[in-house]
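Text of the file work-v7.txt, holding compact mmCIF, C-alpha atoms and all ligand atoms:
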```txt
# COMPACT_ATOMS: atom_id res chain seq x y z
CA MET A 1 69.17 46.22 147.94
CA VAL A 2 68.96 42.76 146.47
CA ILE A 3 69.89 41.21 149.79
CA ASP A 4 66.52 42.34 151.20
CA ASP A 5 64.68 40.43 148.45
CA ILE A 6 66.80 37.41 149.23
CA LEU A 7 66.03 37.60 152.94
CA ALA A 8 62.30 37.94 152.25
CA HIS A 9 62.34 34.95 149.92
CA ASN A 10 64.34 32.95 152.44
CA GLN A 11 61.78 33.47 155.16
CA GLN A 12 59.14 31.89 152.93
CA PHE A 13 61.50 29.14 151.85
CA VAL A 14 62.24 27.88 155.35
CA GLN A 15 58.54 28.01 156.23
CA GLN A 16 57.49 25.99 153.19
CA LYS A 17 60.36 23.53 152.73
CA THR A 18 61.84 20.80 154.86
CA LEU A 19 65.13 19.61 153.41
CA PRO A 20 66.16 15.96 153.76
CA ILE A 21 69.21 15.43 155.93
CA ILE A 22 72.11 14.18 153.80
CA GLY A 23 75.82 13.67 154.44
CA HIS A 24 78.56 16.10 153.43
CA ALA A 25 80.60 13.55 151.45
CA PRO A 26 79.66 13.85 147.75
CA ARG A 27 77.76 10.74 146.57
CA LYS A 28 79.51 10.69 143.19
CA ARG A 29 82.92 11.18 144.87
CA MET A 30 83.62 13.95 142.38
CA ALA A 31 84.66 17.60 142.51
CA VAL A 32 83.59 19.87 139.67
CA VAL A 33 85.48 23.11 139.02
CA THR A 34 83.63 25.69 136.98
CA CYS A 35 83.20 29.43 136.47
CA MET A 36 81.18 31.96 138.45
CA ASP A 37 79.22 33.02 135.33
CA CYS A 38 75.61 33.84 136.29
CA ARG A 39 74.28 31.93 133.27
CA LEU A 40 75.57 28.72 134.82
CA VAL A 41 73.30 29.13 137.85
CA THR A 42 70.87 26.15 137.91
CA MET A 43 71.53 25.41 134.20
CA PHE A 44 74.90 23.85 135.07
CA GLU A 45 73.50 21.24 137.45
CA GLN A 46 70.61 20.44 135.11
CA ALA A 47 72.93 20.00 132.11
CA LEU A 48 75.16 17.62 134.10
CA GLY A 49 72.33 15.79 135.86
CA LEU A 50 73.56 16.80 139.31
CA GLU A 51 71.44 16.75 142.43
CA ARG A 52 72.04 18.15 145.90
CA GLY A 53 74.67 15.99 147.61
CA ASP A 54 76.14 14.56 144.38
CA VAL A 55 79.39 16.52 143.91
CA LEU A 56 81.54 19.31 145.30
CA GLU A 57 81.19 22.44 143.20
CA LEU A 58 84.11 24.85 143.16
CA ARG A 59 83.78 28.08 141.26
CA THR A 60 86.44 30.58 140.36
CA ALA A 61 86.37 33.43 137.86
CA GLY A 62 87.03 31.64 134.56
CA ALA A 63 87.22 28.16 136.17
CA THR A 64 90.89 29.01 136.31
CA ILE A 65 93.92 29.29 138.52
CA SER A 66 95.53 32.65 137.84
CA GLN A 67 99.01 32.81 136.33
CA PRO A 68 100.84 33.93 139.50
CA GLU A 69 99.23 31.08 141.47
CA ARG A 70 100.03 28.29 139.01
CA GLU A 71 103.65 27.98 140.06
CA GLY A 72 103.81 25.80 143.12
CA ALA A 73 100.08 25.21 142.73
CA ALA A 74 99.56 27.59 145.64
CA SER A 75 95.96 28.52 145.11
CA ASP A 76 92.70 28.44 146.97
CA LEU A 77 91.37 26.00 144.36
CA ILE A 78 94.13 23.46 145.14
CA ARG A 79 93.44 23.92 148.85
CA SER A 80 89.73 23.26 148.30
CA LEU A 81 90.42 20.19 146.14
CA ALA A 82 92.76 18.85 148.84
CA GLY A 83 89.97 19.22 151.40
CA GLY A 84 87.54 17.46 149.07
CA ILE A 85 89.92 14.60 148.36
CA TYR A 86 91.41 14.00 151.80
CA LEU A 87 88.42 14.83 153.98
CA LEU A 88 85.36 14.18 151.82
CA GLY A 89 86.33 11.19 149.67
CA VAL A 90 86.63 12.85 146.24
CA ARG A 91 88.35 10.53 143.72
CA GLU A 92 87.66 12.26 140.39
CA VAL A 93 87.85 15.91 139.28
CA ALA A 94 86.30 17.69 136.30
CA VAL A 95 87.37 21.20 135.26
CA ILE A 96 84.59 22.72 133.15
CA GLY A 97 85.22 26.03 131.40
CA HIS A 98 82.53 27.63 129.25
CA THR A 99 82.11 29.47 125.98
CA GLN A 100 81.75 33.28 126.05
CA CYS A 101 83.62 33.50 129.37
CA GLY A 102 84.08 37.01 130.73
CA LEU A 103 87.70 36.24 131.53
CA ALA A 104 88.51 35.30 127.94
CA ARG A 105 90.31 38.20 126.30
CA ALA A 106 89.70 40.47 129.31
CA ASN A 107 90.60 44.01 128.35
CA PRO A 108 93.22 45.67 130.62
CA THR A 109 92.04 49.16 129.61
CA ALA A 110 88.43 48.39 130.49
CA MET A 111 89.56 46.86 133.77
CA THR A 112 91.69 49.81 134.88
CA ALA A 113 88.96 52.27 133.82
CA SER A 114 86.45 50.35 135.94
CA MET A 115 88.86 50.32 138.89
CA GLN A 116 89.34 54.09 138.63
CA ALA A 117 85.59 54.66 138.41
CA LEU A 118 85.19 52.66 141.64
CA GLY A 119 87.91 54.55 143.50
CA VAL A 120 90.77 52.04 143.21
CA ASP A 121 93.99 53.47 141.76
CA PRO A 122 95.44 50.82 139.42
CA ASP A 123 98.87 52.48 139.22
CA LYS A 124 99.23 52.61 142.98
CA LEU A 125 98.10 48.99 143.24
CA MET A 126 100.50 47.81 140.53
CA ARG A 127 103.41 49.59 142.25
CA ALA A 128 102.50 48.09 145.63
CA GLU A 129 102.22 44.59 144.12
CA GLY A 130 105.35 44.87 141.98
CA MET A 131 103.42 44.56 138.73
CA GLY A 132 105.04 45.82 135.54
CA ASP A 133 102.00 46.75 133.48
CA THR A 134 98.24 46.37 133.19
CA GLN A 135 98.69 42.96 131.56
CA ASP A 136 100.04 41.78 134.93
CA LEU A 137 96.78 43.00 136.44
CA VAL A 138 94.60 40.92 134.11
CA ASN A 139 96.95 37.97 134.63
CA TRP A 140 96.41 38.32 138.36
CA LEU A 141 92.68 38.24 137.66
CA GLY A 142 93.15 34.98 135.74
CA ALA A 143 92.35 36.28 132.26
CA PHE A 144 93.07 33.97 129.32
CA ASN A 145 92.85 34.00 125.54
CA ASP A 146 91.33 30.61 124.77
CA VAL A 147 88.98 28.63 127.00
CA HIS A 148 90.19 25.25 125.66
CA VAL A 149 93.82 26.14 126.34
CA ASN A 150 92.90 27.43 129.80
CA VAL A 151 91.04 24.23 130.68
CA ARG A 152 94.01 22.09 129.61
CA GLU A 153 96.39 24.27 131.64
CA VAL A 154 94.27 24.16 134.79
CA VAL A 155 93.89 20.38 134.43
CA ASN A 156 97.67 20.07 134.25
CA VAL A 157 98.24 22.30 137.28
CA ILE A 158 95.85 20.08 139.28
CA ARG A 159 97.38 16.84 137.93
CA ASN A 160 100.89 18.03 138.79
CA SER A 161 100.15 19.57 142.18
CA PRO A 162 102.36 18.06 144.87
CA PHE A 163 99.49 18.56 147.33
CA LEU A 164 97.16 16.21 145.44
CA PRO A 165 97.24 12.45 144.72
CA LYS A 166 97.10 10.89 141.25
CA ILE A 167 93.38 10.67 140.50
CA PRO A 168 91.55 11.24 137.18
CA VAL A 169 91.29 14.94 136.30
CA HIS A 170 89.17 15.75 133.23
CA GLY A 171 88.94 18.98 131.24
CA LEU A 172 85.70 19.98 129.51
CA VAL A 173 84.02 23.03 128.00
CA ILE A 174 80.28 23.69 128.32
CA ASP A 175 78.39 25.72 125.71
CA ILE A 176 76.78 28.55 127.68
CA GLU A 177 73.89 28.78 125.21
CA THR A 178 72.97 25.10 124.79
CA GLY A 179 74.50 23.43 127.85
CA LYS A 180 76.34 20.95 125.59
CA LEU A 181 79.51 19.49 127.11
CA GLU A 182 82.66 18.97 125.08
CA MET A 183 85.40 16.67 126.39
CA VAL A 184 88.75 18.42 125.96
CA ASP A 185 91.06 16.21 128.02
CA ARG A 186 89.94 12.92 129.59
CA GLY A 187 91.84 12.03 132.76
ZN ZN A 201 83.27 32.47 132.88
```
Can you present the structure in this file as structure tokens?
Amino acid sequence: MVIDDILAHNQQFVQQKTLPIIGHAPRKRMAVVTCMDCRLVTMFEQALGLERGDVLELRTAGATISQPEREGAASDLIRSLAGGIYLLGVREVAVIGHTQCGLARANPTAMTASMQALGVDPDKLMRAEGMGDTQDLVNWLGAFNDVHVNVREVVNVIRNSPFLPKIPVHGLVIDIETGKLEMVDRG
């Protein structure tokens, strides 16, 4: 399994590297929300000029808050931002979606087929969760049609959350092929 490669690499890493001790409060006093896309690994920080200790990085599938969690802003992302703001000194937030996101136009048929292949019964799940159809399933996942629209919506959920103070919240989209940032909504 891949985890064995990771453990082997890690043994070498800790033997060869001594990391500087730095504080847990982000130097740039910023939290960055982005997607879990594997193509963002390392590239994201390089494209933004971010070093270890600079910012909080929060990742969700699609850099989004799913539809059912938007009302009342009751999501793990809001909880994490609250921790960053109240406990770690964050005073600025950037939500950064990306082009070619896997959650854009997610296909309900492909999703339910994959669930069935992996032994999860989508019909049983939908009944248990009170979902009307497979579109509710992809909504639960956080699927969206347009990355720019999604970024604006997530920015607004964060701006309007009663759990969070009024601080600048920006919305951007990063090109997954070039790393170019596009400002969508400046806070
Ligand atoms: Zn994505």
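Pairwise distance (atom CA of A:Pro162, atom CA of A:Gly83) equals 14.1 Å.
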Exercise for review: Would you list the residues near (86.4, 22.4, 139.3), meaning any protein, DNA or RNA residue with an atom at most 6 Å from that point in file coordinates, counting all atoms listed in the file, as a ChimeraX atom specification?
Suggested key: /A:32-34,58,94-95
A:Ser66 surroundings by only C-alpha atoms, 7 Å radius, close-in-sequence under 2 positions cut, as an mmCIF file with C-alpha atoms, in the coordinates of the input:
```cif
data_model
loop_
_atom_site.group_PDB
_atom_site.id
_atom_site.type_symbol
_atom_site.label_atom_id
_atom_site.label_comp_id
_atom_site.auth_asym_id
_atom_site.auth_seq_id
_atom_site.Cartn_x
_atom_site.Cartn_y
_atom_site.Cartn_z
ATOM 1 C CA THR A 64 90.890 29.010 136.310
ATOM 2 C CA PRO A 68 100.840 33.930 139.500
ATOM 3 C CA GLU A 69 99.230 31.080 141.470
ATOM 4 C CA ARG A 70 100.030 28.290 139.010
ATOM 5 C CA ASN A 139 96.950 37.970 134.630
ATOM 6 C CA TRP A 140 96.410 38.320 138.360
ATOM 7 C CA LEU A 141 92.680 38.240 137.660
ATOM 8 C CA GLY A 142 93.150 34.980 135.740
#
```
Exercise for review: Check which residues fall inside 6 Å of ligand ZN 201 (chain A) when counting all atoms listed in the file, and print them as an MDAnalysis selection string.
Suggested key: chainID A and resid 35:37 61:62 101:103
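Taking atom CA of A:Thr178 as the reference point, atom CA of A:Cys38 is found at 14.7 Å.
Atom CA of A:Val151 sits 7.8 Å away from atom CA of A:Val184.
The list of residues with at least one atom within 8 Å of A:His98, based on all atoms listed in the file and without residues fewer than 4 positions apart in the same chain, reads Cys35, Val147, Val173, Ile174, Asp175 and Ile176 of chain A.
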